[in-house]
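Novice: File follows, query.pdb with PDB, C-alpha atoms and all ligand atoms:
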ATOM      1  CA  MET A   1      -1.461  24.105  81.329
ATOM      2  CA  LEU A   2      -4.811  22.790  82.592
ATOM      3  CA  ARG A   3      -4.892  19.365  84.155
ATOM      4  CA  CYS A   4      -7.507  16.772  84.989
ATOM      5  CA  PRO A   5      -6.421  14.706  87.996
ATOM      6  CA  TYR A   6      -8.975  11.987  87.235
ATOM      7  CA  CYS A   7      -7.900  11.333  83.666
ATOM      8  CA  LYS A   8      -4.272  12.282  84.355
ATOM      9  CA  ILE A   9      -4.053  14.408  81.212
ATOM     10  CA  SER A  10      -2.977  17.950  80.466
ATOM     11  CA  ILE A  11      -5.389  19.993  78.361
ATOM     12  CA  SER A  12      -3.905  22.524  75.992
ATOM     13  CA  THR A  13      -7.049  24.418  74.920
ATOM     14  CA  ARG A  14      -9.297  26.763  76.870
ATOM     15  CA  THR A  15     -12.210  24.818  78.285
ATOM     16  CA  ASP A  16     -14.301  24.718  81.467
ATOM     17  CA  VAL A  17     -14.659  20.945  81.617
ATOM     18  CA  CYS A  18     -12.362  18.027  80.999
ATOM     19  CA  PRO A  19     -12.961  16.765  77.447
ATOM     20  CA  LEU A  20     -12.771  13.138  78.661
ATOM     21  CA  CYS A  21     -14.651  12.922  81.969
ATOM     22  CA  HIS A  22     -16.465  16.305  81.839
ATOM     23  CA  VAL A  23     -15.506  17.231  85.384
ATOM     24  CA  ARG A  24     -15.538  21.004  86.043
ATOM     25  CA  LEU A  25     -11.864  21.994  85.872
ATOM     26  CA  THR A  26     -12.203  24.686  88.583
ATOM     27  CA  ASP A  27     -13.448  21.944  90.946
ATOM     28  CA  VAL A  28     -10.282  19.905  90.559
ATOM     29  CA  GLY A  29      -7.556  22.444  91.216
ATOM     30  CA  ASN A  30      -7.427  24.662  88.103
ATOM     31  CA  SER A  31      -7.922  28.375  88.746
ATOM     32  CA  LYS A  32     -10.229  30.565  86.675
ATOM     33  CA  GLU A  33      -7.218  32.708  85.704
ATOM     34  CA  GLU A  34      -5.409  29.634  84.445
ATOM     35  CA  ILE A  35      -8.357  28.747  82.235
ATOM     36  CA  LYS A  36      -8.530  32.308  80.902
ATOM     37  CA  ARG A  37      -4.800  32.336  80.149
ATOM     38  CA  THR A  38      -4.977  29.150  78.079
ATOM     39  CA  PRO A  39      -5.413  30.007  74.395
ATOM     40  CA  ARG A  40      -8.243  28.501  72.405
ATOM     41  CA  ALA A  41      -7.173  25.742  70.024
ATOM     42  CA  TYR A  42      -9.885  26.624  67.516
ATOM     43  CA  PRO A  43     -11.542  29.924  66.553
ATOM     44  CA  GLN A  44     -14.711  31.038  68.281
ATOM     45  CA  ARG A  45     -17.919  30.939  66.297
ATOM     46  CA  ALA A  46     -18.714  34.358  64.862
ATOM     47  CA  SER A  47     -21.900  35.880  66.200
ATOM     48  CA  LEU A  48     -24.826  35.818  63.760
ATOM     49  CA  PRO A  49     -26.460  39.064  62.666
ATOM     50  CA  PRO A  50     -29.759  39.750  64.450
ATOM     51  CA  LEU A  51     -32.916  38.225  62.954
ATOM     52  CA  SER A  52     -30.896  35.882  60.766
ATOM     53  CA  GLY A  53     -31.750  32.243  60.283
ATOM     54  CA  ASN A  54     -34.480  30.608  62.250
ATOM     55  CA  LEU A  55     -35.663  33.624  64.201
ATOM     56  CA  PHE A  56     -36.476  35.573  61.033
ATOM     57  CA  ASP A  57     -38.315  32.571  59.608
ATOM     58  CA  LYS A  58     -40.318  32.056  62.762
ATOM     59  CA  VAL A  59     -41.254  35.701  63.183
ATOM     60  CA  TYR A  60     -42.174  36.165  59.524
ATOM     61  CA  LEU A  61     -44.096  32.927  59.078
ATOM     62  CA  LEU A  62     -45.987  33.342  62.328
ATOM     63  CA  SER A  63     -46.985  36.917  61.415
ATOM     64  CA  TRP A  64     -47.883  35.747  57.919
ATOM     65  CA  LEU A  65     -50.075  32.949  59.233
ATOM     66  CA  SER A  66     -51.932  35.079  61.764
ATOM     67  CA  LEU A  67     -52.318  37.989  59.341
ATOM     68  CA  SER A  68     -53.587  35.644  56.600
ATOM     69  CA  LEU A  69     -56.136  34.024  58.880
ATOM     70  CA  ALA A  70     -57.311  37.433  60.069
ATOM     71  CA  MET A  71     -57.635  38.812  56.523
ATOM     72  CA  ILE A  72     -59.456  35.748  55.171
ATOM     73  CA  THR A  73     -61.818  35.595  58.142
ATOM     74  CA  ALA A  74     -62.525  39.323  57.900
ATOM     75  CA  GLU A  75     -63.258  39.167  54.168
ATOM     76  CA  LEU A  76     -65.396  36.045  54.561
ATOM     77  CA  THR A  77     -67.452  37.664  57.304
ATOM     78  CA  VAL A  78     -67.970  40.913  55.434
ATOM     79  CA  THR A  79     -68.446  39.776  51.813
ATOM     80  CA  ALA A  80     -69.089  35.999  52.151
ATOM     81  CA  HIS A  81     -66.335  35.188  49.659
ATOM     82  CA  VAL A  82     -62.545  35.333  49.518
ATOM     83  CA  ARG A  83     -61.085  37.500  46.770
ATOM     84  CA  PHE A  84     -58.800  40.280  47.863
ATOM     85  CA  SER A  85     -57.256  38.597  50.882
ATOM     86  CA  TRP A  86     -55.870  35.805  48.646
ATOM     87  CA  ILE A  87     -53.769  38.423  46.880
ATOM     88  CA  SER A  88     -52.181  39.731  50.073
ATOM     89  CA  VAL A  89     -51.728  36.213  51.455
ATOM     90  CA  SER A  90     -49.926  34.962  48.354
ATOM     91  CA  LEU A  91     -47.962  38.195  47.893
ATOM     92  CA  LEU A  92     -46.645  38.053  51.459
ATOM     93  CA  LEU A  93     -45.627  34.432  50.978
ATOM     94  CA  TYR A  94     -44.079  35.325  47.629
ATOM     95  CA  ILE A  95     -42.000  38.108  49.173
ATOM     96  CA  TYR A  96     -40.824  35.783  51.934
ATOM     97  CA  LEU A  97     -39.765  32.974  49.612
ATOM     98  CA  LEU A  98     -38.257  35.459  47.176
ATOM     99  CA  PHE A  99     -36.043  36.735  49.964
ATOM    100  CA  ARG A 100     -35.323  33.343  51.502
ATOM    101  CA  ILE A 101     -34.775  31.111  48.478
ATOM    102  CA  LEU A 102     -33.982  33.392  45.605
ATOM    103  CA  LEU A 103     -31.819  36.031  47.205
ATOM    104  CA  ARG A 104     -30.229  34.285  50.170
ATOM    105  CA  GLY A 105     -30.514  30.617  49.203
ATOM    106  CA  SER A 106     -27.611  28.658  47.780
ATOM    107  CA  GLU A 107     -29.638  27.110  44.959
ATOM    108  CA  TYR A 108     -28.291  27.317  41.447
ATOM    109  CA  PHE A 109     -29.888  29.551  38.868
ATOM    110  CA  PRO A 110     -32.239  27.076  37.061
ATOM    111  CA  GLN A 111     -33.583  25.943  40.424
ATOM    112  CA  LYS A 112     -34.284  29.549  41.370
ATOM    113  CA  VAL A 113     -36.055  30.163  38.061
ATOM    114  CA  THR A 114     -38.228  27.072  38.594
ATOM    115  CA  VAL A 115     -39.171  28.039  42.146
ATOM    116  CA  HIS A 116     -39.852  31.593  41.038
ATOM    117  CA  ALA A 117     -42.152  30.406  38.225
ATOM    118  CA  ILE A 118     -44.139  28.285  40.695
ATOM    119  CA  LEU A 119     -44.360  31.183  43.183
ATOM    120  CA  LEU A 120     -45.531  33.670  40.569
ATOM    121  CA  THR A 121     -48.114  31.132  39.348
ATOM    122  CA  VAL A 122     -49.635  31.180  42.840
ATOM    123  CA  VAL A 123     -49.630  34.993  42.916
ATOM    124  CA  ILE A 124     -51.162  35.236  39.426
ATOM    125  CA  PHE A 125     -53.861  32.702  40.314
ATOM    126  CA  SER A 126     -54.752  34.763  43.378
ATOM    127  CA  LEU A 127     -55.674  37.630  41.006
ATOM    128  CA  ARG A 128     -58.399  35.488  39.434
ATOM    129  CA  GLY A 129     -61.204  36.943  41.516
ATOM    130  CA  VAL A 130     -60.422  40.617  40.898
ATOM    131  CA  LEU A 131     -59.206  40.874  37.289
ATOM    132  CA  PRO A 132     -61.821  42.358  34.934
ATOM    133  CA  HIS A 133     -60.924  39.673  32.379
ATOM    134  CA  PRO A 134     -59.620  36.683  34.377
ATOM    135  CA  GLU A 135     -59.092  34.696  31.184
ATOM    136  CA  ILE A 136     -55.940  36.729  30.456
ATOM    137  CA  ILE A 137     -54.285  34.637  33.195
ATOM    138  CA  ALA A 138     -54.245  31.546  31.006
ATOM    139  CA  GLU A 139     -54.246  33.426  27.721
ATOM    140  CA  PHE A 140     -51.387  35.779  28.419
ATOM    141  CA  LEU A 141     -49.846  36.021  31.926
ATOM    142  CA  LEU A 142     -48.953  32.363  32.575
ATOM    143  CA  PRO A 143     -47.709  31.629  29.020
ATOM    144  CA  VAL A 144     -45.381  34.649  29.182
ATOM    145  CA  LEU A 145     -44.138  33.615  32.635
ATOM    146  CA  TYR A 146     -43.368  30.038  31.558
ATOM    147  CA  LEU A 147     -41.848  31.074  28.247
ATOM    148  CA  VAL A 148     -39.526  33.563  29.918
ATOM    149  CA  SER A 149     -38.566  30.990  32.571
ATOM    150  CA  ASN A 150     -37.923  28.366  29.922
ATOM    151  CA  ILE A 151     -35.778  30.738  27.885
ATOM    152  CA  ALA A 152     -33.830  31.757  31.001
ATOM    153  CA  ILE A 153     -33.001  28.127  31.839
ATOM    154  CA  ALA A 154     -32.255  27.329  28.198
ATOM    155  CA  VAL A 155     -29.769  30.201  28.018
ATOM    156  CA  PHE A 156     -28.162  28.992  31.244
ATOM    157  CA  LEU A 157     -28.003  25.459  29.829
ATOM    158  CA  ALA A 158     -26.411  26.745  26.639
ATOM    159  CA  ILE A 159     -23.725  28.541  28.664
ATOM    160  CA  ASN A 160     -23.140  25.522  30.945
ATOM    161  CA  TYR A 161     -23.559  22.942  28.199
ATOM    162  CA  LYS A 162     -20.673  20.865  29.534
ATOM    163  CA  ARG A 163     -22.434  19.967  32.776
ATOM    164  CA  PRO A 164     -26.147  19.989  32.001
ATOM    165  CA  ASN A 165     -27.106  17.098  34.309
ATOM    166  CA  ARG A 166     -28.251  19.044  37.330
ATOM    167  CA  TYR A 167     -30.324  21.460  35.296
ATOM    168  CA  LEU A 168     -32.277  18.948  33.206
ATOM    169  CA  LEU A 169     -34.931  18.355  35.860
ATOM    170  CA  ASN A 170     -35.520  22.104  36.098
ATOM    171  CA  ILE A 171     -36.029  22.563  32.399
ATOM    172  CA  LEU A 172     -38.365  19.534  32.381
ATOM    173  CA  THR A 173     -40.412  21.015  35.248
ATOM    174  CA  VAL A 174     -40.765  24.417  33.593
ATOM    175  CA  SER A 175     -41.553  22.778  30.240
ATOM    176  CA  LEU A 176     -44.293  20.711  31.875
ATOM    177  CA  MET A 177     -45.688  23.931  33.317
ATOM    178  CA  CYS A 178     -45.864  25.328  29.766
ATOM    179  CA  VAL A 179     -48.718  22.871  29.134
ATOM    180  CA  ILE A 180     -50.859  24.236  32.009
ATOM    181  CA  PRO A 181     -52.249  27.445  30.399
ATOM    182  CA  PHE A 182     -53.620  25.736  27.284
ATOM    183  CA  LEU A 183     -55.024  22.832  29.306
ATOM    184  CA  ALA A 184     -56.690  25.330  31.625
ATOM    185  CA  LEU A 185     -58.289  27.106  28.656
ATOM    186  CA  VAL A 186     -59.556  23.813  27.232
ATOM    187  CA  ILE A 187     -60.886  22.577  30.571
ATOM    188  CA  LEU A 188     -62.564  25.911  31.372
ATOM    189  CA  ASP A 189     -63.924  25.880  27.787
ATOM    190  CA  ASP A 190     -63.187  29.571  27.552
ATOM    191  CA  TYR A 191     -60.674  30.048  24.760
ATOM    192  CA  LYS A 192     -61.067  33.238  22.793
ATOM    193  CA  ASN A 193     -57.394  33.898  22.353
ATOM    194  CA  PHE A 194     -55.425  30.706  22.684
ATOM    195  CA  VAL A 195     -52.536  31.400  20.298
ATOM    196  CA  LEU A 196     -49.956  32.269  22.939
ATOM    197  CA  SER A 197     -50.901  29.427  25.291
ATOM    198  CA  LEU A 198     -50.916  26.952  22.403
ATOM    199  CA  ALA A 199     -47.501  28.167  21.251
ATOM    200  CA  THR A 200     -46.217  27.903  24.823
ATOM    201  CA  MET A 201     -47.488  24.338  25.073
ATOM    202  CA  ILE A 202     -45.896  23.346  21.765
ATOM    203  CA  ILE A 203     -42.543  24.846  22.799
ATOM    204  CA  GLY A 204     -42.768  23.118  26.182
ATOM    205  CA  LEU A 205     -43.599  19.760  24.620
ATOM    206  CA  ALA A 206     -40.799  20.173  22.071
ATOM    207  CA  VAL A 207     -38.300  20.835  24.876
ATOM    208  CA  ILE A 208     -39.594  17.800  26.804
ATOM    209  CA  VAL A 209     -39.338  15.506  23.775
ATOM    210  CA  GLY A 210     -35.901  16.847  22.897
ATOM    211  CA  THR A 211     -34.606  16.455  26.449
ATOM    212  CA  LEU A 212     -36.015  12.932  26.731
ATOM    213  CA  LEU A 213     -34.595  11.939  23.336
ATOM    214  CA  PHE A 214     -31.078  13.117  24.033
ATOM    215  CA  ARG A 215     -30.763  12.887  27.790
ATOM    216  CA  ALA A 216     -33.148  10.147  28.954
ATOM    217  CA  LYS A 217     -30.409   8.228  30.782
ATOM    218  CA  THR A 218     -29.124  11.296  32.593
ATOM    219  CA  ILE A 219     -32.649  12.259  33.648
ATOM    220  CA  VAL A 220     -33.323   8.798  35.091
ATOM    221  CA  SER A 221     -30.076   8.835  37.053
ATOM    222  CA  GLU A 222     -30.712  12.406  38.226
ATOM    223  CA  LEU A 223     -34.213  11.427  39.399
ATOM    224  CA  LYS A 224     -32.757   8.430  41.247
ATOM    225  CA  ARG A 225     -30.131  10.623  42.860
ATOM    226  CA  LYS A 226     -32.648  13.282  43.828
ATOM    227  CA  PHE A 227     -35.147  10.869  45.405
ATOM    228  CA  HIS A 228     -32.524   8.445  46.766
ATOM    229  CA  LEU A 229     -33.820   5.427  44.851
TER     230      LEU A 229
HETATM  231 ZN    ZN A 301     -10.986  14.154  83.174
END
Could you rewrite the structure in this file as structure tokens?

Specialist:
Amino acid sequence: MLRCPYCKISISTRTDVCPLCHVRLTDVGNSKEEIKRTPRAYPQRASLPPLSGNLFDKVYLLSWLSLSLAMITAELTVTAHVRFSWISVSLLLYIYLLFRILLRGSEYFPQKVTVHAILLTVVIFSLRGVLPHPEIIAEFLLPVLYLVSNIAIAVFLAINYKRPNRYLLNILTVSLMCVIPFLALVILDDYKNFVLSLATMIIGLAVIVGTLLFRAKTIVSELKRKFHL
């Protein structure tokens, strides 16, 4: 048994210092062998796999930042505008967040769908400069993305209909996003084929109205909880 002569206590777990006065136990008459013989009272922390956690984040984000700056600067110098480097910059960020939030994160499914929809929006927007017909972004790509996301959350809600509270904010977010493509077409004054984006907006608005009608109280309390009001 280890002892601290200052505190006059016996210590029954393996430690180098007295838990009360923090004196080094080998300095006050306990041998190293004695310390080694004493069993640990609690399990040792398991070692983390290499490149997990913060180190991976730091390495990836630092490489991403320097690579992005290099690509944008290079393209700006050569062509005087930024088109192709945006794609790589957003794709690299997309891959990182896909790995970090969607595959390894502990978020629940509707949250993942919402984050994924936002991420893909950024990637799709980065294609604007290189697509032969950039208007298909608002006419086709974004409406499909938001519709699929909305359906995915709706299906999840239908399965978990008993506890919908946490997921309501996600379906509201994605439904609000459904309005973006049509608004973009109207603002850009470039609507040749607006059927899909209009339909997406109507579905989004219908979901918003329905959610607000039936779950307004829950949404308010969820918002308060989320933002600590
Ligand atoms: Zn002590």

Novice: From the list A:Arg166, A:Arg24, A:Lys217, A:Lys226, which residue is nearest ligand ZN 301 (chain A) when using all atoms listed in the file?

Specialist: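 Answer, going by the shortest atom-to-atom distance: A:Arg24.
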
Novice: For the file shown, what are the residues hit by the PyMOL selection byres (((not hetatm)) within 9 of (chain A and resi 301)), laid out as a list of chain:residue names?

Specialist: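 With the shown file as input, the PyMOL selection byres (((not hetatm)) within 9 of (chain A and resi 301)) matches A:Arg3, A:Cys4, A:Pro5, A:Tyr6, A:Cys7, A:Lys8, A:Ile9, A:Val17, A:Cys18, A:Pro19, A:Leu20, A:Cys21, A:His22, A:Val23, A:Arg24, A:Leu25.
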
Novice: Can those selected residues be exported to a file as a JSON list (two decimals), in the coordinates of the input so that it contains C-alpha atoms?

Specialist:
[["chain", "number", "residue", "atom", "x", "y", "z"],
["A", 3, "ARG", "CA", -4.89, 19.36, 84.16],
["A", 4, "CYS", "CA", -7.51, 16.77, 84.99],
["A", 5, "PRO", "CA", -6.42, 14.71, 88.00],
["A", 6, "TYR", "CA", -8.98, 11.99, 87.24],
["A", 7, "CYS", "CA", -7.90, 11.33, 83.67],
["A", 8, "LYS", "CA", -4.27, 12.28, 84.36],
["A", 9, "ILE", "CA", -4.05, 14.41, 81.21],
["A", 17, "VAL", "CA", -14.66, 20.94, 81.62],
["A", 18, "CYS", "CA", -12.36, 18.03, 81.00],
["A", 19, "PRO", "CA", -12.96, 16.76, 77.45],
["A", 20, "LEU", "CA", -12.77, 13.14, 78.66],
["A", 21, "CYS", "CA", -14.65, 12.92, 81.97],
["A", 22, "HIS", "CA", -16.46, 16.30, 81.84],
["A", 23, "VAL", "CA", -15.51, 17.23, 85.38],
["A", 24, "ARG", "CA", -15.54, 21.00, 86.04],
["A", 25, "LEU", "CA", -11.86, 21.99, 85.87]]

Novice: Could you expand the PyMOL selection byres (((chain A and resi 102) around 12) and not hetatm) into the explicit residues it covers here, written as a list of chain:residue names?

Specialist: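 Checking the PyMOL selection byres (((chain A and resi 102) around 12) and not hetatm) against this file, the residues are A:Tyr94, A:Ile95, A:Tyr96, A:Leu97, A:Leu98, A:Phe99, A:Arg100, A:Ile101, A:Leu103, A:Arg104, A:Gly105, A:Ser106, A:Glu107, A:Tyr108, A:Phe109, A:Pro110, A:Gln111, A:Lys112, A:Val113, A:Thr114, A:Val115, A:His116, A:Ala117, A:Leu119.
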
Novice: When you look at stretch 156-159 of chain A with a cut-off of 9 Å (counting all atoms listed in the file), what residues show up, excluding the ones that are within fewer than 3 positions of it in the same chain? I need them as a PyMOL selection string.

Specialist: chain A and resi 109-110+151-153+162-164+167-168+171

Novice: Write out as JSON, numbers by chain which residues come within 12 Å of stretch 205-210 of chain A when counting all atoms listed in the file, dropping same-chain ones fewer than 4 positions away.

Specialist: {"A": [147, 150, 151, 153, 154, 168, 169, 170, 171, 172, 173, 174, 175, 176, 177, 178, 179, 180, 182, 198, 199, 200, 201, 214, 215, 216, 219]}

Novice: Check the smallest atom-to-atom distance from each of A:Leu93, A:Ala138, A:Leu196, A:Val59 to A:Val123 using all atoms listed in the file, then report the winner.

Specialist: A:Leu93

Novice: Could you jot down the atom CA of A:His81 to atom CA of A:Leu183 separation for me, Å, one decimal place?

Specialist: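 For atom CA of A:His81 relative to atom CA of A:Leu183, the distance reads 26.4 Å.
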
Novice: Just checking: using only C-alpha atoms, which residue out of A:Arg83, A:Arg14, A:Lys58, A:His228 ends up closest to A:Arg40?

Specialist: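 For A:Arg40, the nearest of the given residues is A:Arg14.
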
Novice: Which residues are near A:Ser88? Cut-off 12 Å, only C-alpha atoms, ignore same chain within fewer than 5 positions. Put them as a list in words.

Specialist: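 The residues satisfying every condition are Trp64, Leu65, Leu67, Ser68, Leu69, Ala70, Met71, Ile72, Glu75, Val82, Arg83, Leu93, Tyr94, Ile95, Val122, Val123, Ile124, Ser126 and Leu127 of chain A.
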
Novice: Which residue, A:Ser197, A:Phe84, A:Asn165, A:Leu120, has the smallest gap to A:Ile136 when you use only C-alpha atoms?

Specialist: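 Of all the options, A:Ser197 lies closest to A:Ile136.
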
Novice: Report the distance between atom CA of A:Ala80 and atom CA of A:Ile137 in Å, rounded to one decimal place.

Specialist: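 About the pair atom CA of A:Ala80 and atom CA of A:Ile137: they are 24.1 Å apart.
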
Novice: Could you state the separation of atom CA of A:Arg128 and atom CA of A:Pro143 in Å, given to one decimal place?

Specialist: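 Atom CA of A:Pro143 lies at a distance of 15.4 Å from atom CA of A:Arg128.
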
Novice: Given the PyMOL selection byres (((chain A and resi 36) around 12) and not hetatm) and the file above, list the residues it selects as a list of chain:residue names.

Specialist: A:Met1, A:Leu2, A:Ser12, A:Thr13, A:Arg14, A:Thr15, A:Asp16, A:Leu25, A:Thr26, A:Asn30, A:Ser31, A:Lys32, A:Glu33, A:Glu34, A:Ile35, A:Arg37, A:Thr38, A:Pro39, A:Arg40

Novice: Looking at only C-alpha atoms, which of A:Ala184, A:Leu76, A:Glu135, A:Gly204 is the one that sits closest to A:Ser149?

Specialist: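 Of A:Ala184, A:Leu76, A:Glu135, A:Gly204, the one nearest A:Ser149 is A:Gly204, counting only C-alpha atoms.
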